[in-house]
$ cat query-v6.tsv   # TSV, C-alpha atoms
chain	number	residue	atom	x	y	z
Q	1179	MET	CA	-11.55	0.81	11.35
Q	1180	THR	CA	-8.63	3.21	10.95
Q	1181	VAL	CA	-6.32	2.85	7.97
Q	1182	ARG	CA	-3.85	5.67	7.35
Q	1183	ILE	CA	-1.33	6.14	4.57
Q	1184	ALA	CA	2.05	7.82	4.84
Q	1185	ARG	CA	5.30	8.27	2.97
Q	1186	VAL	CA	8.06	6.01	4.20
Q	1187	TYR	CA	10.28	9.06	4.62
Q	1188	ASP	CA	7.78	10.86	6.89
Q	1189	VAL	CA	6.38	8.17	9.17
Q	1190	PRO	CA	7.73	7.45	12.67
Q	1191	ARG	CA	8.82	3.91	13.50
Q	1192	SER	CA	5.77	1.86	14.45
Q	1193	ALA	CA	4.72	-1.74	14.85
Q	1194	THR	CA	1.53	-0.97	12.94
Q	1195	SER	CA	3.26	0.50	9.85
Q	1196	ILE	CA	3.37	-1.82	6.84
Q	1197	LEU	CA	5.26	-1.23	3.58
Q	1198	VAL	CA	2.89	-1.86	0.67
Q	1199	ASP	CA	5.25	-1.21	-2.26
Q	1200	ARG	CA	6.69	-3.91	-4.51
Q	1201	LEU	CA	10.16	-2.31	-4.44
Q	1202	TRP	CA	12.27	-1.41	-1.42
Q	1203	PRO	CA	12.29	2.39	-0.93
Q	1204	ARG	CA	15.44	4.19	-2.04
Q	1205	GLY	CA	17.70	5.51	0.68
Q	1206	VAL	CA	16.11	3.47	3.49
Q	1207	LYS	CA	18.38	1.04	5.30
Q	1208	LYS	CA	16.65	-2.10	6.47
Q	1209	GLU	CA	17.77	-1.52	10.04
Q	1210	ASP	CA	16.36	2.04	9.94
Q	1211	ALA	CA	13.06	1.20	8.25
Q	1212	PRO	CA	10.05	2.84	9.96
Q	1213	PHE	CA	8.00	-0.34	9.49
Q	1214	ARG	CA	8.33	-3.92	10.63
Q	1215	GLU	CA	6.47	-5.65	7.84
Q	1216	TRP	CA	6.64	-5.64	4.04
Q	1217	LEU	CA	3.60	-6.96	2.19
Q	1218	LYS	CA	4.62	-7.18	-1.45
Q	1219	GLU	CA	1.54	-9.34	-2.08
Q	1220	VAL	CA	-0.73	-6.30	-1.91
Q	1221	ALA	CA	1.42	-4.06	-4.12
Q	1222	PRO	CA	0.42	-3.42	-7.73
Q	1223	SER	CA	2.01	-5.83	-10.18
Q	1224	THR	CA	5.20	-4.74	-11.88
Q	1225	GLU	CA	3.35	-4.49	-15.20
Q	1226	LEU	CA	0.61	-2.28	-13.74
Q	1227	ARG	CA	3.09	-0.11	-11.84
Q	1228	LYS	CA	5.17	0.49	-14.97
Q	1229	TRP	CA	2.10	1.20	-17.11
Q	1230	TYR	CA	0.76	3.71	-14.58
Q	1231	GLY	CA	4.01	5.59	-14.02
Q	1232	HIS	CA	2.18	7.87	-11.52
Q	1233	ASP	CA	0.55	9.73	-14.39
Q	1234	PRO	CA	-2.45	11.52	-12.82
Q	1235	ASP	CA	-4.43	11.10	-16.06
Q	1236	ARG	CA	-4.15	7.31	-15.71
Q	1237	PHE	CA	-5.09	7.13	-12.03
Q	1238	ALA	CA	-8.74	6.16	-12.47
Q	1239	GLU	CA	-7.83	3.28	-14.78
Q	1240	PHE	CA	-4.91	2.31	-12.52
Q	1241	ALA	CA	-7.25	2.17	-9.52
Q	1242	ARG	CA	-9.74	0.00	-11.43
Q	1243	ARG	CA	-7.04	-2.45	-12.55
Q	1244	TYR	CA	-5.40	-2.49	-9.12
Q	1245	ARG	CA	-8.70	-3.27	-7.39
Q	1246	ARG	CA	-9.06	-6.21	-9.76
Q	1247	GLU	CA	-5.56	-7.42	-8.79
Q	1248	LEU	CA	-6.41	-7.08	-5.10
Q	1249	ALA	CA	-9.46	-9.30	-5.58
Q	1250	GLY	CA	-7.30	-12.12	-6.96
Q	1251	SER	CA	-4.75	-14.47	-5.47
Q	1252	PRO	CA	-2.36	-13.99	-3.62
Q	1253	ALA	CA	-3.45	-10.43	-2.76
Q	1254	ARG	CA	-6.94	-11.44	-1.63
Q	1255	ASP	CA	-5.67	-13.30	1.46
Q	1256	ALA	CA	-3.27	-10.47	2.39
Q	1257	VAL	CA	-6.09	-7.92	2.03
Q	1258	ALA	CA	-8.32	-10.01	4.30
Q	1259	ASP	CA	-5.53	-10.18	6.88
Q	1260	LEU	CA	-4.96	-6.41	6.74
Q	1261	ARG	CA	-8.69	-5.78	7.10
Q	1262	ALA	CA	-8.87	-8.03	10.16
Q	1263	ARG	CA	-5.92	-6.24	11.77
Q	1264	ALA	CA	-7.39	-2.81	11.01
Q	1265	ARG	CA	-10.56	-3.80	12.85
Q	1266	THR	CA	-8.61	-4.27	16.08
Q	1267	ARG	CA	-6.10	-1.40	15.87
Q	1268	PRO	CA	-5.15	1.47	13.56
Q	1269	ILE	CA	-2.66	0.59	10.82
Q	1270	THR	CA	-0.53	2.75	8.54
Q	1271	LEU	CA	0.12	1.73	4.95
Q	1272	VAL	CA	3.58	3.00	4.03
Q	1273	THR	CA	4.74	3.86	0.52
Q	1274	ALA	CA	7.63	5.67	-1.13
Q	1275	THR	CA	5.29	7.38	-3.59
Q	1276	LYS	CA	5.51	11.19	-3.59
Q	1277	ASP	CA	1.82	11.90	-4.20
Q	1278	LEU	CA	-0.21	9.90	-1.71
Q	1279	ASP	CA	-3.55	10.91	-3.23
Q	1280	ILE	CA	-2.84	9.04	-6.46
Q	1281	SER	CA	-0.91	6.14	-4.99
Q	1282	GLY	CA	-1.54	2.44	-4.75
Q	1283	ALA	CA	-1.61	2.88	-0.97
Q	1284	ALA	CA	-4.60	5.22	-1.35
Q	1285	VAL	CA	-6.45	2.63	-3.44
Q	1286	LEU	CA	-5.60	-0.11	-0.94
Q	1287	ARG	CA	-6.79	2.05	1.97
Q	1288	ASP	CA	-10.11	2.59	0.19
Q	1289	VAL	CA	-10.47	-1.14	-0.51
Q	1290	LEU	CA	-9.79	-1.98	3.14
Q	1291	SER	CA	-12.22	0.65	4.40
Q	1292	ARG	CA	-15.14	-0.20	2.13
Q	1293	ARG	CA	-15.66	-3.90	2.80

$ encode --input "query-v6.tsv" --output "structure tokens"
Amino acid sequence: MTVRIARVYDVPRSATSILVDRLWPRGVKKEDAPFREWLKEVAPSTELRKWYGHDPDRFAEFARRYRRELAGSPARDAVADLRARARTRPITLVTATKDLDISGAAVLRDVLSRR
């Protein structure tokens, strides 16, 4: 299973690139988007995203809370679908986040890869 993560501003256009942010990325026109699918269902909730604020000191707690969200509905079904797709071909989770290492996409990649 191959699951990559990339910034929306750095990834080439691909059928296997999926936006996993709750908000549309700034400066990206829909017709120019380097992804064909947007899965808001797997993005962190608005409340969690605002609480986290990409503060590195909160990442461990953010990851714990986000994993709990991913285990619930409606994210659970979307995660299962992503996992099934990743078993048959590489996928790229796309995010607008500057620091990929402490992003929701990184947590999601780990969740997809571990089960």

$ residues_around --input "query-v6.tsv" --residues "stretch 1236-1250 of chain Q" --least-positions-apart "4" --cutoff "9 Å" --atoms "only C-alpha atoms" --output "list in words"
Glu1219, Val1220, Ala1221, Pro1222, Ser1223, Leu1226, Arg1227, Trp1229, Tyr1230, Gly1231, His1232, Arg1254, Asp1255, Ala1256, Val1257, Ile1280, Ser1281, Gly1282, Val1285, Leu1286 and Val1289 of chain Q

$ atom_distance --input "query-v6.tsv" --atom1 "atom CA of Q:Arg1265" --atom2 "atom CA of Q:Trp1216"
19.4 Å

$ closest_residue --input "query-v6.tsv" --among "Q:Arg1200, Q:Arg1287, Q:Arg1267, Q:Lys1218" --to "Q:Pro1252" --atoms "all atoms listed in the file"
Q:Lys1218

$ atom_distance --input "query-v6.tsv" --atom1 "atom CA of Q:Ala1253" --atom2 "atom CA of Q:Ala1284"
15.8 Å

$ closest_residue --input "query-v6.tsv" --among "Q:Arg1292, Q:Thr1194, Q:Thr1224, Q:Asp1199" --to "Q:Arg1263" --atoms "all atoms listed in the file"
Q:Thr1194

$ closest_residue --input "query-v6.tsv" --among "Q:Ala1283, Q:Leu1217, Q:Ile1269, Q:Leu1197" --to "Q:Val1181" --atoms "all atoms listed in the file"
Q:Ile1269

$ atom_distance --input "query-v6.tsv" --atom1 "atom CA of Q:Arg1182" --atom2 "atom CA of Q:Pro1268"
7.6 Å

$ closest_residue --input "query-v6.tsv" --among "Q:Asp1288, Q:Leu1278, Q:Leu1201, Q:Val1189" --to "Q:Pro1234" --atoms "all atoms listed in the file"
Q:Leu1278

$ axis_aligned_box --input "query-v6.tsv" --around "stretch 1188-1204 of chain Q" --padding-each-side "3 Å" --output "lines of an AutoDock Vina configuration file"
center_x = 8.5
center_y = 3.5
center_z = 5.2
size_x = 19.9
size_y = 20.8
size_z = 25.4

$ residues_around --input "query-v6.tsv" --residues "Q:Gly1205" --least-positions-apart "5" --cutoff "12 Å" --atoms "only C-alpha atoms" --output "PDB file with C-alpha atoms, in the frame of the given file"
ATOM      1  CA  VAL Q1186       8.060   6.010   4.200  1.00  0.00           C
ATOM      2  CA  TYR Q1187      10.280   9.060   4.620  1.00  0.00           C
ATOM      3  CA  ASP Q1210      16.360   2.040   9.940  1.00  0.00           C
ATOM      4  CA  ALA Q1211      13.060   1.200   8.250  1.00  0.00           C
ATOM      5  CA  ALA Q1274       7.630   5.670  -1.130  1.00  0.00           C
TER       6      ALA Q1274
END
